[in-house]
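Working notes, beginning with the structure itself.
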Amino acid sequence: MLNFSRWAIAAIILPLAIGVLCAVPSFLPDATVAQLPRFMQTRVNLGLDLSGGSHLLLEASTQDVARQRLTNMEEQVRTELRRGDPKIAIGDISSRDGKLSFMVREPSQVDAAVERIRPLTQGAGLTGQRDFNVEVVNSSTIVITPTDAGIKSAVKSAMEVATEVIRKRIDEMGTREPTIQQQGDNRIVVQVPGLQDPKALKDLLGQTAKLEFKLVDTTANPAEVAQGRAPVGSEVLKYPANPSGVPFIAVKRQVMVSGEDLTDATQGYDQSNQAIVNIRFNSAGGRRFGQVTSQNVNRPFAIILDNQVLSAPNINEPILGGSAQISGSFTVESANQLAIALRSGKLPVALAVVEERTVGPGLGADSIRAGLIASVVAVVAVAAFMFVSYGRFGMYANLAVAINVLVILGVMGILGATLTLPGIAGFVLTIGTAVDANVLIYERIREERRRGRNVVAAIEHGYKEASRTIFEANVTHAIAGGIMLALGSGPVKGFAIVLLIGIATSVFTAVTFTRVIVAGWVRRTRPTDIHI
């Protein structure tokens with residue numbers, strides 16, 4: 001137990017040295033860390049409660065998801081019944097009461113229409129249900145009704161996509177270590193440390209960024225458009241910048257090109273030095289956009305963002321090359337935010353801010369100060385107790401605790417973990433419990449000496465017999481921490497992360513590292529007795 005080869009000693013000391021080295025950048029100024037090699041830029045990020053910042057709770061509307069699914073199904077039904085052979089003629093599709101209904105003009109084609117529509121429905125998770133029910137009413141009317149299981153599955157999928165889109169948008173803002181996690185079925189928690197003004201964040205996250213290009217319906221009666229009525233096949237949308245003064249415009253329902261075909265969006269300037277957004281389509285979108293504009297020269301088309309028309313320029317010539325510009329009385333900041341939103345993709349569901357908090361840096365500074373005081377008091381108290389109780393061996397345990405604290409910081413830096421106020425509580429707890437293993441070992445050594453064993457045998461048996469108890473105790477400790485990490489959120493998870501890292505590092509330093517130190521001392525001095 002006390003015989004260590006040079007390779008074994010190096011294998012124990014090396015990871016501890018790396019951990020301590022990775023902890024150093026956390027104590028250095030930002031300017032100094034920026035000059036270090038990239039592999040050394042491992043810093044522990046401070047959470048919202050320590051550095052200050054913005055907290056938002058976003059909520060998605062399940063009705064919005066259901067409405068969007070119904071719109072998508074309507075488009076699929078029209079396309080499927082038109083392109084088949086033979087084509088199936090239908091009347092206008094109604095979307096009243098949250099379901100689609102339409103009449104098949106030729107009664108003999110009702111069964112064929114149902115057979116074409118059923119493949120458009122899908123299984124809703126593991127429930128065994130379909131996401132839509134398709135049934136025939138009054139022999140010639142087909143009704144398509146969304147199921148509860150289908151809506152629930154769609155909401156779950158939409159929230160997963162929305163979480164990733166939000167993450168991309170915040171990353172584009174250049175913020176460090178945001179916390180973005182889903183809460184419940186239809187809520188997302190967003191915490192951005194260091195951001196004191198949440199307005200820009202709310203504007204960015206509240207924008208669905210659903211971009212569409214549609215032709216303007218020039219046949220629509222302006223008086224009816226002003227009253228919210230449009231011809232069949234068209235719809236009325238808001239157009240605040242309409243030169244006619246009427247804040248509405250009629251556009252065709254069919255989408256020329258959508259934001260899903262975008263590959264890039266950047267803020268730029270037009271010839272009048274006004275802020276605009278330059279966009280570029282993928283090959284399919286560019287080809288489709290060029291084809292539509294070639295077929296509709298001298299007709300206006302609408303650039304629509306989140307169901308509101310930004311501008312409706314005239315197509316003077318075919319727009320080829322797969323790129324276009326979006327204008328709409330932007331400021332540089334708003335144009336840049338729109339570019340970020342478009343680059344990150346559209347949100348599959350609109351999100352509303354239901355809770356907002358801003359934590360000032362002063363509160364975080366007070367928390368850090370209180371945490372440091374608690375940590376220092378804990379370290380001094382534990383160190384004094386260990387020295388008084390175990391003398392030289394107590395100092396070995398204190399050295400192990402000091403290295404353990406630095407290694408925890410280093411591991412958190414390597415993992416990119418965020419330190420929160422509960423994390424500091426985990427630190428203090430780790431300091432207190434880190435010496436538990438040493439106490440067990442040293443008490444066992446005392447017991448072995450009382451039984452008459454010599455110094456070397458007592459130390460060997462002390463470490464050997466106590467290690468089993470230490471391992472079992474920390475396994476149960478780790479199980480509790482793992483449960484908190486898996487099921488907890490926010491402060492609980494921050495506490496669990498520090499606790500689990502502390503368990504792993506404290507066992508290693510308290511058992512293995514101190515054993516190396518004790519073995520070296522025994523080999524050098526060959527003591528005939530120990531005071532422990």
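Going through the structure tokens in order, the chains are called A, B, and so on, while each chain numbers its residues from 1 and the ligands are numbered from 1 in the order shown.
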**OP:** Might you pull out every residue within 10 Å of Gly481 (chain A), with only C-alpha atoms counted and same-chain residues fewer than 5 positions away left off, and present them as a list in words?
**Re:** Val475, Thr476, Ala486, Gly488, Val492, Lys493, Phe495, Ala496, Ile497, Val498, Leu499, Leu500, Ile501 and Ile503 of chain A
Original post:
What's the 10 Å shell around Asn45 (chain A), counting only C-alpha atoms, without same-chain residues fewer than 4 positions away, as number ranges by chain?
Top reply: A: 26, 50-51, 176-178, 193, 412-413, 416-420
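With only C-alpha atoms as the atoms that count, the residue of A:Leu310, A:Leu21, A:Leu305, A:Ala335 with the shortest distance to Gln267 (chain A) is A:Ala335.
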Original post:
Can you list, as a PyMOL selection string, every protein, DNA or RNA residue that comes within 7 Å of region 340-346 of chain A when you count only C-alpha atoms, leaving out same-chain residues fewer than 3 positions away?
Top reply: chain A and resi 165+168-169+172+204+208-210+264-265+336-337
Output N, CA and C atoms for every residue in that selection, as an mmCIF file, in the first residue's frame.
```cif
data_model
loop_
_atom_site.group_PDB
_atom_site.id
_atom_site.type_symbol
_atom_site.label_atom_id
_atom_site.label_comp_id
_atom_site.auth_asym_id
_atom_site.auth_seq_id
_atom_site.Cartn_x
_atom_site.Cartn_y
_atom_site.Cartn_z
ATOM 1 N N VAL A 165 -33.438 27.195 -31.450
ATOM 2 C CA VAL A 165 -33.420 28.474 -32.176
ATOM 3 C C VAL A 165 -33.040 29.609 -31.225
ATOM 4 N N LYS A 168 -29.335 29.558 -30.569
ATOM 5 C CA LYS A 168 -28.565 30.114 -31.685
ATOM 6 C C LYS A 168 -28.624 31.640 -31.689
ATOM 7 N N ARG A 169 -29.796 32.180 -31.421
ATOM 8 C CA ARG A 169 -29.943 33.642 -31.451
ATOM 9 C C ARG A 169 -29.114 34.293 -30.348
ATOM 10 N N GLU A 172 -25.478 34.259 -31.141
ATOM 11 C CA GLU A 172 -25.135 35.281 -32.137
ATOM 12 C C GLU A 172 -24.926 36.647 -31.483
ATOM 13 N N LEU A 204 -35.545 40.283 -29.601
ATOM 14 C CA LEU A 204 -34.978 39.236 -30.451
ATOM 15 C C LEU A 204 -35.709 37.915 -30.269
ATOM 16 N N THR A 208 -40.804 35.835 -34.105
ATOM 17 C CA THR A 208 -40.871 34.490 -34.673
ATOM 18 C C THR A 208 -39.950 34.346 -35.870
ATOM 19 N N ALA A 209 -39.776 35.458 -36.641
ATOM 20 C CA ALA A 209 -38.894 35.482 -37.817
ATOM 21 C C ALA A 209 -39.373 34.535 -38.912
ATOM 22 N N LYS A 210 -40.699 34.491 -39.084
ATOM 23 C CA LYS A 210 -41.272 33.719 -40.185
ATOM 24 C C LYS A 210 -41.301 34.624 -41.415
ATOM 25 N N ASP A 264 -28.228 32.734 -45.668
ATOM 26 C CA ASP A 264 -27.501 33.773 -44.947
ATOM 27 C C ASP A 264 -28.326 35.057 -44.923
ATOM 28 N N ALA A 265 -28.100 35.856 -43.888
ATOM 29 C CA ALA A 265 -28.747 37.166 -43.753
ATOM 30 C C ALA A 265 -27.790 38.082 -43.013
ATOM 31 N N ASN A 336 -29.849 44.538 -37.727
ATOM 32 C CA ASN A 336 -28.930 43.501 -37.271
ATOM 33 C C ASN A 336 -29.676 42.421 -36.496
ATOM 34 N N GLN A 337 -30.657 42.820 -35.678
ATOM 35 C CA GLN A 337 -31.447 41.833 -34.934
ATOM 36 C C GLN A 337 -32.258 40.948 -35.876
#
```
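Minimum atom-to-atom distances from A:Arg6, A:Arg523, A:Arg69, A:Arg229 to Ala154 (chain A) were compared using only C-alpha atoms, and the lowest value belongs to A:Arg69.
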**OP:** Tell me, in Å to one decimal, how far CA of Tyr390 (chain A) is from CA of Val439 (chain A).
**Re:** 8.8 Å
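Note that the spacing between CA of Ala397 (chain A) and CA of Thr528 (chain A) amounts to 21.6 Å.
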So that I can check the surroundings of Ile530 (chain A), please list as a short mmCIF file (atom, residue, chain, number, x, y, z; two decimals) with C-alpha atoms, in the first residue's frame every protein, DNA and RNA residue that reaches within 12 Å of it, counting only C-alpha atoms and ignoring chain neighbours fewer than 3 positions away.
```cif
data_model
loop_
_atom_site.label_atom_id
_atom_site.label_comp_id
_atom_site.auth_asym_id
_atom_site.auth_seq_id
_atom_site.Cartn_x
_atom_site.Cartn_y
_atom_site.Cartn_z
CA TYR A 390 -3.88 15.00 13.89
CA GLY A 391 -0.73 17.16 13.77
CA ARG A 392 1.46 16.37 10.75
CA PHE A 393 -1.20 14.14 9.23
CA TYR A 442 -6.46 8.54 10.70
CA ILE A 445 -4.54 4.17 12.02
CA ARG A 446 -4.89 5.14 15.70
CA GLU A 448 -4.32 -0.18 14.60
CA ARG A 449 -1.56 1.38 16.71
CA ARG A 450 -3.54 0.66 19.86
CA ARG A 453 0.86 -2.87 15.03
CA ASN A 454 4.02 -1.07 14.00
CA VAL A 455 3.92 2.28 12.20
CA VAL A 456 4.08 0.96 8.62
CA ALA A 458 -0.82 0.54 11.02
CA ILE A 459 -0.70 3.04 8.15
CA VAL A 518 2.56 9.78 3.86
CA TRP A 521 7.51 10.71 4.61
CA VAL A 522 7.68 7.17 5.98
CA THR A 525 12.27 9.28 8.06
CA ARG A 526 11.55 5.64 9.02
CA PRO A 527 9.62 6.71 12.16
#
```
**OP:** Assign secondary structure with DSSP using the backbone only, and return the residues of region 218-381 of chain A in alpha helix (DSSP H) as a ChimeraX atom specification.
**Re:** /A:222-226,283-295,332-344,361-381
Could you save those same residues with C-alpha atoms as an mmCIF file, in the first residue's frame?
```
data_model
loop_
_atom_site.group_PDB
_atom_site.id
_atom_site.type_symbol
_atom_site.label_atom_id
_atom_site.label_comp_id
_atom_site.auth_asym_id
_atom_site.auth_seq_id
_atom_site.Cartn_x
_atom_site.Cartn_y
_atom_site.Cartn_z
ATOM 1 C CA PRO A 222 -59.112 48.733 -51.678
ATOM 2 C CA ALA A 223 -62.331 49.521 -49.803
ATOM 3 C CA GLU A 224 -62.897 45.853 -48.970
ATOM 4 C CA VAL A 225 -59.227 45.395 -48.061
ATOM 5 C CA ALA A 226 -59.523 48.288 -45.598
ATOM 6 C CA SER A 283 -30.080 26.893 -54.887
ATOM 7 C CA ALA A 284 -33.701 25.666 -54.812
ATOM 8 C CA GLY A 285 -35.009 28.900 -53.264
ATOM 9 C CA GLY A 286 -32.970 31.092 -55.628
ATOM 10 C CA ARG A 287 -34.226 29.154 -58.643
ATOM 11 C CA ARG A 288 -37.850 29.403 -57.485
ATOM 12 C CA PHE A 289 -37.508 33.119 -56.668
ATOM 13 C CA GLY A 290 -35.980 33.816 -60.079
ATOM 14 C CA GLN A 291 -38.724 31.858 -61.836
ATOM 15 C CA VAL A 292 -41.580 33.654 -60.040
ATOM 16 C CA THR A 293 -40.097 37.121 -60.570
ATOM 17 C CA SER A 294 -39.502 36.338 -64.253
ATOM 18 C CA GLN A 295 -43.164 35.430 -64.673
ATOM 19 C CA VAL A 332 -28.880 49.585 -37.802
ATOM 20 C CA GLU A 333 -29.713 47.775 -34.549
ATOM 21 C CA SER A 334 -33.116 46.487 -35.690
ATOM 22 C CA ALA A 335 -31.698 45.390 -39.055
ATOM 23 C CA ASN A 336 -28.930 43.501 -37.271
ATOM 24 C CA GLN A 337 -31.447 41.833 -34.934
ATOM 25 C CA LEU A 338 -33.582 40.773 -37.893
ATOM 26 C CA ALA A 339 -30.505 39.347 -39.629
ATOM 27 C CA ILE A 340 -29.662 37.351 -36.503
ATOM 28 C CA ALA A 341 -33.235 36.071 -36.238
ATOM 29 C CA LEU A 342 -33.293 35.026 -39.896
ATOM 30 C CA ARG A 343 -29.886 33.335 -39.717
ATOM 31 C CA SER A 344 -30.885 31.313 -36.670
ATOM 32 C CA PRO A 361 -24.119 43.229 -10.500
ATOM 33 C CA GLY A 362 -24.112 44.707 -6.988
ATOM 34 C CA LEU A 363 -26.251 41.864 -5.670
ATOM 35 C CA GLY A 364 -23.915 39.359 -7.307
ATOM 36 C CA ALA A 365 -20.869 41.077 -5.794
ATOM 37 C CA ASP A 366 -22.467 40.834 -2.335
ATOM 38 C CA SER A 367 -23.174 37.149 -2.918
ATOM 39 C CA ILE A 368 -19.591 36.499 -4.014
ATOM 40 C CA ARG A 369 -18.259 38.380 -0.988
ATOM 41 C CA ALA A 370 -20.501 36.425 1.372
ATOM 42 C CA GLY A 371 -19.545 33.166 -0.330
ATOM 43 C CA LEU A 372 -15.835 33.946 -0.075
ATOM 44 C CA ILE A 373 -16.166 34.817 3.612
ATOM 45 C CA ALA A 374 -18.037 31.563 4.254
ATOM 46 C CA SER A 375 -15.415 29.602 2.306
ATOM 47 C CA VAL A 376 -12.495 31.231 4.140
ATOM 48 C CA VAL A 377 -14.116 30.657 7.539
ATOM 49 C CA ALA A 378 -14.795 27.036 6.623
ATOM 50 C CA VAL A 379 -11.227 26.480 5.410
ATOM 51 C CA VAL A 380 -9.660 28.060 8.509
ATOM 52 C CA ALA A 381 -11.941 26.194 10.900
#
```
**OP:** Would you please work out which residue, of A:Leu347, A:Glu74, A:Arg468, A:Ala434, is nearest to Val161 (chain A) when using only C-alpha atoms?
**Re:** A:Leu347
